[in-house]
>>> print(open('input-v5.cif').read())   # mmCIF, C-alpha atoms
data_final
#
loop_
_atom_site.group_PDB
_atom_site.id
_atom_site.type_symbol
_atom_site.label_atom_id
_atom_site.label_comp_id
_atom_site.auth_asym_id
_atom_site.auth_seq_id
_atom_site.Cartn_x
_atom_site.Cartn_y
_atom_site.Cartn_z
ATOM 1 C CA MET A 1 -96.501 16.205 -11.909
ATOM 2 C CA GLN A 2 -93.634 13.744 -12.103
ATOM 3 C CA SER A 3 -90.169 15.228 -11.643
ATOM 4 C CA MET A 4 -87.983 15.349 -14.702
ATOM 5 C CA GLU A 5 -84.507 13.889 -14.804
ATOM 6 C CA ARG A 6 -82.164 15.390 -17.379
ATOM 7 C CA TYR A 7 -79.343 12.878 -17.532
ATOM 8 C CA VAL A 8 -75.899 14.056 -18.588
ATOM 9 C CA GLY A 9 -72.314 13.486 -17.526
ATOM 10 C CA LEU A 10 -70.873 15.434 -14.617
ATOM 11 C CA GLY A 11 -70.622 19.097 -15.546
ATOM 12 C CA GLY A 12 -72.054 18.485 -19.005
ATOM 13 C CA ASN A 13 -74.690 20.510 -20.768
ATOM 14 C CA PRO A 14 -77.668 18.302 -21.718
ATOM 15 C CA ASN A 15 -78.415 20.369 -24.816
ATOM 16 C CA GLY A 16 -74.839 20.221 -26.093
ATOM 17 C CA VAL A 17 -74.513 16.502 -25.433
ATOM 18 C CA ALA A 18 -77.821 15.765 -27.169
ATOM 19 C CA ALA A 19 -76.861 17.881 -30.185
ATOM 20 C CA VAL A 20 -73.533 16.109 -30.697
ATOM 21 C CA VAL A 21 -75.105 12.679 -30.250
ATOM 22 C CA ALA A 22 -77.912 13.587 -32.684
ATOM 23 C CA LEU A 23 -75.515 14.890 -35.323
ATOM 24 C CA ALA A 24 -73.806 11.489 -35.406
ATOM 25 C CA LEU A 25 -77.070 9.584 -36.057
ATOM 26 C CA PRO A 26 -77.152 9.894 -39.878
ATOM 27 C CA MET A 27 -73.460 9.049 -40.122
ATOM 28 C CA ALA A 28 -73.849 5.942 -37.974
ATOM 29 C CA TYR A 29 -76.907 4.879 -39.974
ATOM 30 C CA PHE A 30 -75.052 5.285 -43.263
ATOM 31 C CA LEU A 31 -72.024 3.347 -42.014
ATOM 32 C CA GLY A 32 -74.260 0.645 -40.544
ATOM 33 C CA ALA A 33 -76.449 0.283 -43.611
ATOM 34 C CA PHE A 34 -73.917 0.518 -46.408
ATOM 35 C CA ARG A 35 -70.561 -0.726 -45.138
ATOM 36 C CA SER A 36 -69.327 -4.193 -46.054
ATOM 37 C CA ARG A 37 -67.558 -5.322 -42.867
ATOM 38 C CA ALA A 38 -70.107 -6.944 -40.560
ATOM 39 C CA LEU A 39 -68.487 -5.963 -37.253
ATOM 40 C CA TRP A 40 -68.349 -2.256 -38.137
ATOM 41 C CA ARG A 41 -71.839 -2.401 -39.591
ATOM 42 C CA TRP A 42 -73.311 -3.823 -36.379
ATOM 43 C CA LEU A 43 -71.363 -1.442 -34.127
ATOM 44 C CA ASN A 44 -72.684 1.537 -36.062
ATOM 45 C CA LEU A 45 -76.234 0.189 -36.058
ATOM 46 C CA LEU A 46 -75.991 -0.399 -32.314
ATOM 47 C CA TYR A 47 -75.171 3.298 -31.916
ATOM 48 C CA LEU A 48 -78.641 4.257 -33.194
ATOM 49 C CA PRO A 49 -80.790 2.960 -30.303
ATOM 50 C CA VAL A 50 -78.190 3.959 -27.720
ATOM 51 C CA ALA A 51 -78.044 7.480 -29.153
ATOM 52 C CA ILE A 52 -81.824 7.825 -29.262
ATOM 53 C CA LEU A 53 -82.030 6.703 -25.650
ATOM 54 C CA ALA A 54 -79.333 9.205 -24.678
ATOM 55 C CA ILE A 55 -81.109 12.065 -26.444
ATOM 56 C CA ILE A 56 -84.438 11.305 -24.779
ATOM 57 C CA LEU A 57 -82.752 10.957 -21.366
ATOM 58 C CA THR A 58 -81.216 14.427 -21.737
ATOM 59 C CA ALA A 59 -84.752 15.755 -22.406
ATOM 60 C CA SER A 60 -83.206 18.212 -24.848
ATOM 61 C CA ARG A 61 -85.797 19.574 -27.250
ATOM 62 C CA GLY A 62 -83.107 20.932 -29.562
ATOM 63 C CA GLY A 63 -81.309 17.595 -29.632
ATOM 64 C CA PHE A 64 -84.605 15.862 -30.373
ATOM 65 C CA VAL A 65 -85.308 18.178 -33.327
ATOM 66 C CA ILE A 66 -81.783 17.595 -34.676
ATOM 67 C CA ALA A 67 -82.327 13.839 -34.328
ATOM 68 C CA LEU A 68 -85.632 14.044 -36.229
ATOM 69 C CA VAL A 69 -83.994 15.948 -39.064
ATOM 70 C CA GLY A 70 -81.104 13.468 -39.120
ATOM 71 C CA ALA A 71 -83.510 10.526 -39.076
ATOM 72 C CA THR A 72 -84.998 11.630 -42.403
ATOM 73 C CA VAL A 73 -82.045 9.868 -44.011
ATOM 74 C CA ILE A 74 -83.636 6.529 -43.111
ATOM 75 C CA PRO A 75 -86.794 6.732 -45.256
ATOM 76 C CA LEU A 76 -84.879 8.573 -47.988
ATOM 77 C CA THR A 77 -82.408 5.714 -48.351
ATOM 78 C CA ALA A 78 -84.688 2.776 -47.509
ATOM 79 C CA GLY A 79 -85.100 1.978 -51.195
ATOM 80 C CA HIS A 80 -81.382 1.230 -51.400
ATOM 81 C CA LEU A 81 -81.542 -1.381 -48.636
ATOM 82 C CA ARG A 82 -82.162 -5.034 -49.243
ATOM 83 C CA ARG A 83 -85.423 -6.482 -47.974
ATOM 84 C CA GLY A 84 -83.701 -7.887 -44.880
ATOM 85 C CA GLY A 85 -82.254 -4.461 -44.115
ATOM 86 C CA ARG A 86 -85.659 -2.805 -44.301
ATOM 87 C CA ILE A 87 -87.125 -5.438 -41.998
ATOM 88 C CA ALA A 88 -84.229 -4.978 -39.563
ATOM 89 C CA VAL A 89 -84.801 -1.201 -39.497
ATOM 90 C CA LEU A 90 -88.509 -1.706 -38.793
ATOM 91 C CA VAL A 91 -87.908 -4.297 -36.048
ATOM 92 C CA GLY A 92 -85.198 -2.093 -34.537
ATOM 93 C CA ALA A 93 -87.524 0.914 -34.479
ATOM 94 C CA VAL A 94 -90.246 -1.055 -32.698
ATOM 95 C CA ALA A 95 -87.722 -2.384 -30.173
ATOM 96 C CA VAL A 96 -86.365 1.117 -29.493
ATOM 97 C CA VAL A 97 -89.871 2.452 -28.852
ATOM 98 C CA GLY A 98 -90.525 -0.402 -26.412
ATOM 99 C CA VAL A 99 -87.294 0.159 -24.511
ATOM 100 C CA LEU A 100 -87.825 3.927 -24.387
ATOM 101 C CA ALA A 101 -91.327 3.500 -22.998
ATOM 102 C CA SER A 102 -90.063 1.301 -20.177
ATOM 103 C CA VAL A 103 -86.842 3.138 -19.275
ATOM 104 C CA VAL A 104 -87.354 6.877 -19.767
ATOM 105 C CA PRO A 105 -89.283 8.893 -17.164
ATOM 106 C CA ALA A 106 -92.633 10.183 -18.448
ATOM 107 C CA ALA A 107 -91.663 13.764 -17.563
ATOM 108 C CA ASN A 108 -88.840 13.648 -20.134
ATOM 109 C CA PHE A 109 -91.343 12.698 -22.843
ATOM 110 C CA ALA A 110 -93.642 15.480 -21.646
ATOM 111 C CA ARG A 111 -90.848 18.060 -21.945
ATOM 112 C CA ILE A 112 -90.001 16.933 -25.452
ATOM 113 C CA ALA A 113 -93.710 16.946 -26.392
ATOM 114 C CA GLU A 114 -93.832 20.654 -25.470
ATOM 115 C CA THR A 115 -91.480 21.461 -28.341
ATOM 116 C CA SER A 116 -94.084 22.417 -30.934
ATOM 117 C CA SER A 117 -96.099 24.625 -28.560
ATOM 118 C CA GLU A 118 -92.945 26.314 -27.266
ATOM 119 C CA LEU A 119 -91.795 27.017 -30.818
ATOM 120 C CA SER A 120 -95.192 28.282 -31.956
ATOM 121 C CA GLU A 121 -95.358 30.643 -28.953
ATOM 122 C CA GLY A 122 -91.802 31.797 -29.725
ATOM 123 C CA ASN A 123 -90.686 31.428 -26.129
ATOM 124 C CA VAL A 124 -88.721 28.217 -25.648
ATOM 125 C CA SER A 125 -88.107 28.053 -21.871
ATOM 126 C CA ASN A 126 -88.250 31.865 -21.632
ATOM 127 C CA ARG A 127 -85.326 32.180 -24.004
ATOM 128 C CA SER A 128 -86.748 35.370 -25.505
ATOM 129 C CA GLN A 129 -86.408 36.995 -22.060
ATOM 130 C CA ILE A 130 -82.858 35.679 -21.713
ATOM 131 C CA TRP A 131 -81.936 36.991 -25.155
ATOM 132 C CA ALA A 132 -83.516 40.388 -24.490
ATOM 133 C CA GLY A 133 -81.551 40.567 -21.226
ATOM 134 C CA GLY A 134 -78.399 39.616 -23.108
ATOM 135 C CA LEU A 135 -78.920 42.412 -25.612
ATOM 136 C CA GLU A 136 -79.422 44.817 -22.712
ATOM 137 C CA LEU A 137 -76.120 43.609 -21.244
ATOM 138 C CA TYR A 138 -74.405 44.148 -24.580
ATOM 139 C CA GLN A 139 -75.660 47.746 -24.706
ATOM 140 C CA GLN A 140 -74.183 48.353 -21.253
ATOM 141 C CA SER A 141 -70.714 47.183 -22.323
ATOM 142 C CA PRO A 142 -70.514 46.960 -26.121
ATOM 143 C CA PHE A 143 -66.738 47.249 -26.515
ATOM 144 C CA VAL A 144 -65.181 45.123 -23.770
ATOM 145 C CA GLY A 145 -68.062 42.831 -22.854
ATOM 146 C CA VAL A 146 -68.584 41.229 -19.456
ATOM 147 C CA GLY A 147 -65.696 38.787 -19.662
ATOM 148 C CA THR A 148 -65.337 35.252 -20.920
ATOM 149 C CA GLY A 149 -67.557 32.792 -19.085
ATOM 150 C CA ASN A 150 -69.449 35.520 -17.216
ATOM 151 C CA PHE A 151 -72.783 35.622 -19.054
ATOM 152 C CA GLY A 152 -74.600 33.750 -16.265
ATOM 153 C CA TYR A 153 -73.262 36.053 -13.556
ATOM 154 C CA ALA A 154 -73.766 39.238 -15.562
ATOM 155 C CA ILE A 155 -77.383 38.439 -16.464
ATOM 156 C CA GLU A 156 -78.414 38.077 -12.802
ATOM 157 C CA PRO A 157 -78.950 41.821 -12.132
ATOM 158 C CA VAL A 158 -81.045 42.040 -15.315
ATOM 159 C CA LEU A 159 -83.229 38.932 -14.873
ATOM 160 C CA GLY A 160 -82.906 38.327 -11.145
ATOM 161 C CA TYR A 161 -81.317 34.904 -11.587
ATOM 162 C CA GLN A 162 -78.280 33.293 -13.220
ATOM 163 C CA ILE A 163 -78.834 31.341 -16.413
ATOM 164 C CA ALA A 164 -76.953 30.284 -19.520
ATOM 165 C CA GLY A 165 -77.427 32.380 -22.651
ATOM 166 C CA HIS A 166 -78.848 29.552 -24.805
ATOM 167 C CA ASN A 167 -77.443 31.239 -27.913
ATOM 168 C CA ALA A 168 -73.740 30.908 -28.696
ATOM 169 C CA PHE A 169 -73.618 34.035 -30.859
ATOM 170 C CA LEU A 170 -75.279 36.198 -28.208
ATOM 171 C CA VAL A 171 -73.044 34.787 -25.462
ATOM 172 C CA VAL A 172 -69.896 35.632 -27.461
ATOM 173 C CA LEU A 173 -71.237 39.108 -28.208
ATOM 174 C CA VAL A 174 -72.089 39.811 -24.561
ATOM 175 C CA GLU A 175 -68.946 38.276 -23.093
ATOM 176 C CA LEU A 176 -66.410 39.696 -25.548
ATOM 177 C CA GLY A 177 -68.124 42.852 -26.788
#
>>> encode(input="input-v5.cif", output="structure tokens")
Amino acid sequence: MQSMERYVGLGGNPNGVAAVVALALPMAYFLGAFRSRALWRWLNLLYLPVAILAIILTASRGGFVIALVGATVIPLTAGHLRRGGRIAVLVGAVAVVGVLASVVPAANFARIAETSSELSEGNVSNRSQIWAGGLELYQQSPFVGVGTGNFGYAIEPVLGYQIAGHNAFLVVLVELG
């Protein structure tokens, strides 16, 4: 199996980066499709392929799902575009697919392709075990928690390894009580 590269800035969280980038997709599309100033329109439209590339390079399944939901704005508003705009969107989509196929490691695509099976099994990267361990931690210290930023360290005796909580609400509950 090919090794997977999850690209992200130094010290960054690939899932968080992908989510933020994906959330901006519909806004950039709207500004690129419906603004009057050409420079701003093109800058916003240029964001779309760069953002999609960034999301796929992070190999974040959550970011990919957010991007898919955000991308629904494109077919929903396509009727409001002029013919040239619709053609540009189609040509841009084909170009993005071509660039992605040549630049992104196959293992990143494979990880993203696992999304539906992971969701249907209800165990995305063993998160159910992490969450169960987090709830066990909470029961051990429900009033004062384990301390801010200590979820990864505190979960080690429960799971046998350090890992992020992958659920902001659970992390706050466990860390702060």
>>> atom_distance(input="input-v5.cif", atom1="atom CA of A:Arg41", atom2="atom CA of A:Tyr29")
8.9 Å
>>> atom_distance(input="input-v5.cif", atom1="atom CA of A:Ala67", atom2="atom CA of A:Ala22")
4.7 Å
>>> atom_distance(input="input-v5.cif", atom1="atom CA of A:Ala54", atom2="atom CA of A:Arg86")
23.9 Å
>>> resolve_selection(input="input-v5.cif", expression="the PyMOL selection byres ((chain A and resi 13-18) around 8)", output="list in words")
Arg6, Tyr7, Val8, Gly11, Gly12, Ala19, Val20, Val21, Ala22, Ala54, Ile55, Thr58, Ala59, Ser60, Arg61, Gly62, Gly63 and Phe64 of chain A
>>> resolve_selection(input="input-v5.cif", expression="the PyMOL selection byres ((chain A and resi 174) around 9)", output="PDB file with C-alpha atoms, in the frame of the given file")
ATOM      1  CA  GLY A 134     -78.399  39.616 -23.108  1.00  0.00           C
ATOM      2  CA  LEU A 135     -78.920  42.412 -25.612  1.00  0.00           C
ATOM      3  CA  LEU A 137     -76.120  43.609 -21.244  1.00  0.00           C
ATOM      4  CA  TYR A 138     -74.405  44.148 -24.580  1.00  0.00           C
ATOM      5  CA  GLN A 139     -75.660  47.746 -24.706  1.00  0.00           C
ATOM      6  CA  SER A 141     -70.714  47.183 -22.323  1.00  0.00           C
ATOM      7  CA  PRO A 142     -70.514  46.960 -26.121  1.00  0.00           C
ATOM      8  CA  VAL A 144     -65.181  45.123 -23.770  1.00  0.00           C
ATOM      9  CA  GLY A 145     -68.062  42.831 -22.854  1.00  0.00           C
ATOM     10  CA  VAL A 146     -68.584  41.229 -19.456  1.00  0.00           C
ATOM     11  CA  GLY A 147     -65.696  38.787 -19.662  1.00  0.00           C
ATOM     12  CA  THR A 148     -65.337  35.252 -20.920  1.00  0.00           C
ATOM     13  CA  ASN A 150     -69.449  35.520 -17.216  1.00  0.00           C
ATOM     14  CA  PHE A 151     -72.783  35.622 -19.054  1.00  0.00           C
ATOM     15  CA  PHE A 169     -73.618  34.035 -30.859  1.00  0.00           C
ATOM     16  CA  LEU A 170     -75.279  36.198 -28.208  1.00  0.00           C
ATOM     17  CA  VAL A 171     -73.044  34.787 -25.462  1.00  0.00           C
ATOM     18  CA  VAL A 172     -69.896  35.632 -27.461  1.00  0.00           C
ATOM     19  CA  LEU A 173     -71.237  39.108 -28.208  1.00  0.00           C
ATOM     20  CA  GLU A 175     -68.946  38.276 -23.093  1.00  0.00           C
ATOM     21  CA  LEU A 176     -66.410  39.696 -25.548  1.00  0.00           C
ATOM     22  CA  GLY A 177     -68.124  42.852 -26.788  1.00  0.00           C
TER      23      GLY A 177
END
>>> residues_around(input="input-v5.cif", residues="A:Leu48", least_positions_apart="6", cutoff="12 Å", atoms="all atoms listed in the file", output="mmCIF file with C-alpha atoms, in the coordinates of the input")
data_model
loop_
_atom_site.group_PDB
_atom_site.id
_atom_site.type_symbol
_atom_site.label_atom_id
_atom_site.label_comp_id
_atom_site.auth_asym_id
_atom_site.auth_seq_id
_atom_site.Cartn_x
_atom_site.Cartn_y
_atom_site.Cartn_z
ATOM 1 C CA VAL A 21 -75.105 12.679 -30.250
ATOM 2 C CA ALA A 22 -77.912 13.587 -32.684
ATOM 3 C CA LEU A 23 -75.515 14.890 -35.323
ATOM 4 C CA ALA A 24 -73.806 11.489 -35.406
ATOM 5 C CA LEU A 25 -77.070 9.584 -36.057
ATOM 6 C CA PRO A 26 -77.152 9.894 -39.878
ATOM 7 C CA MET A 27 -73.460 9.049 -40.122
ATOM 8 C CA ALA A 28 -73.849 5.942 -37.974
ATOM 9 C CA TYR A 29 -76.907 4.879 -39.974
ATOM 10 C CA PHE A 30 -75.052 5.285 -43.263
ATOM 11 C CA LEU A 31 -72.024 3.347 -42.014
ATOM 12 C CA GLY A 32 -74.260 0.645 -40.544
ATOM 13 C CA ALA A 33 -76.449 0.283 -43.611
ATOM 14 C CA ARG A 41 -71.839 -2.401 -39.591
ATOM 15 C CA TRP A 42 -73.311 -3.823 -36.379
ATOM 16 C CA ALA A 54 -79.333 9.205 -24.678
ATOM 17 C CA ILE A 55 -81.109 12.065 -26.444
ATOM 18 C CA ALA A 67 -82.327 13.839 -34.328
ATOM 19 C CA GLY A 70 -81.104 13.468 -39.120
ATOM 20 C CA ALA A 71 -83.510 10.526 -39.076
ATOM 21 C CA ILE A 74 -83.636 6.529 -43.111
ATOM 22 C CA VAL A 89 -84.801 -1.201 -39.497
ATOM 23 C CA GLY A 92 -85.198 -2.093 -34.537
ATOM 24 C CA ALA A 93 -87.524 0.914 -34.479
ATOM 25 C CA ALA A 95 -87.722 -2.384 -30.173
ATOM 26 C CA VAL A 96 -86.365 1.117 -29.493
#
>>> closest_residue(input="input-v5.cif", among="A:Leu90, A:Val103, A:Ala132, A:Leu81", to="A:Arg35", atoms="all atoms listed in the file")
A:Leu81
>>> resolve_selection(input="input-v5.cif", expression="the PyMOL selection byres ((chain A and resi 165) around 7)", output="list of chain:residue names")
A:Ile130, A:Trp131, A:Phe151, A:Ile163, A:Ala164, A:His166, A:Asn167, A:Val171
>>> closest_residue(input="input-v5.cif", among="A:Ala78, A:Leu100, A:Gly152, A:Gly160", to="A:Phe34", atoms="all atoms listed in the file")
A:Ala78
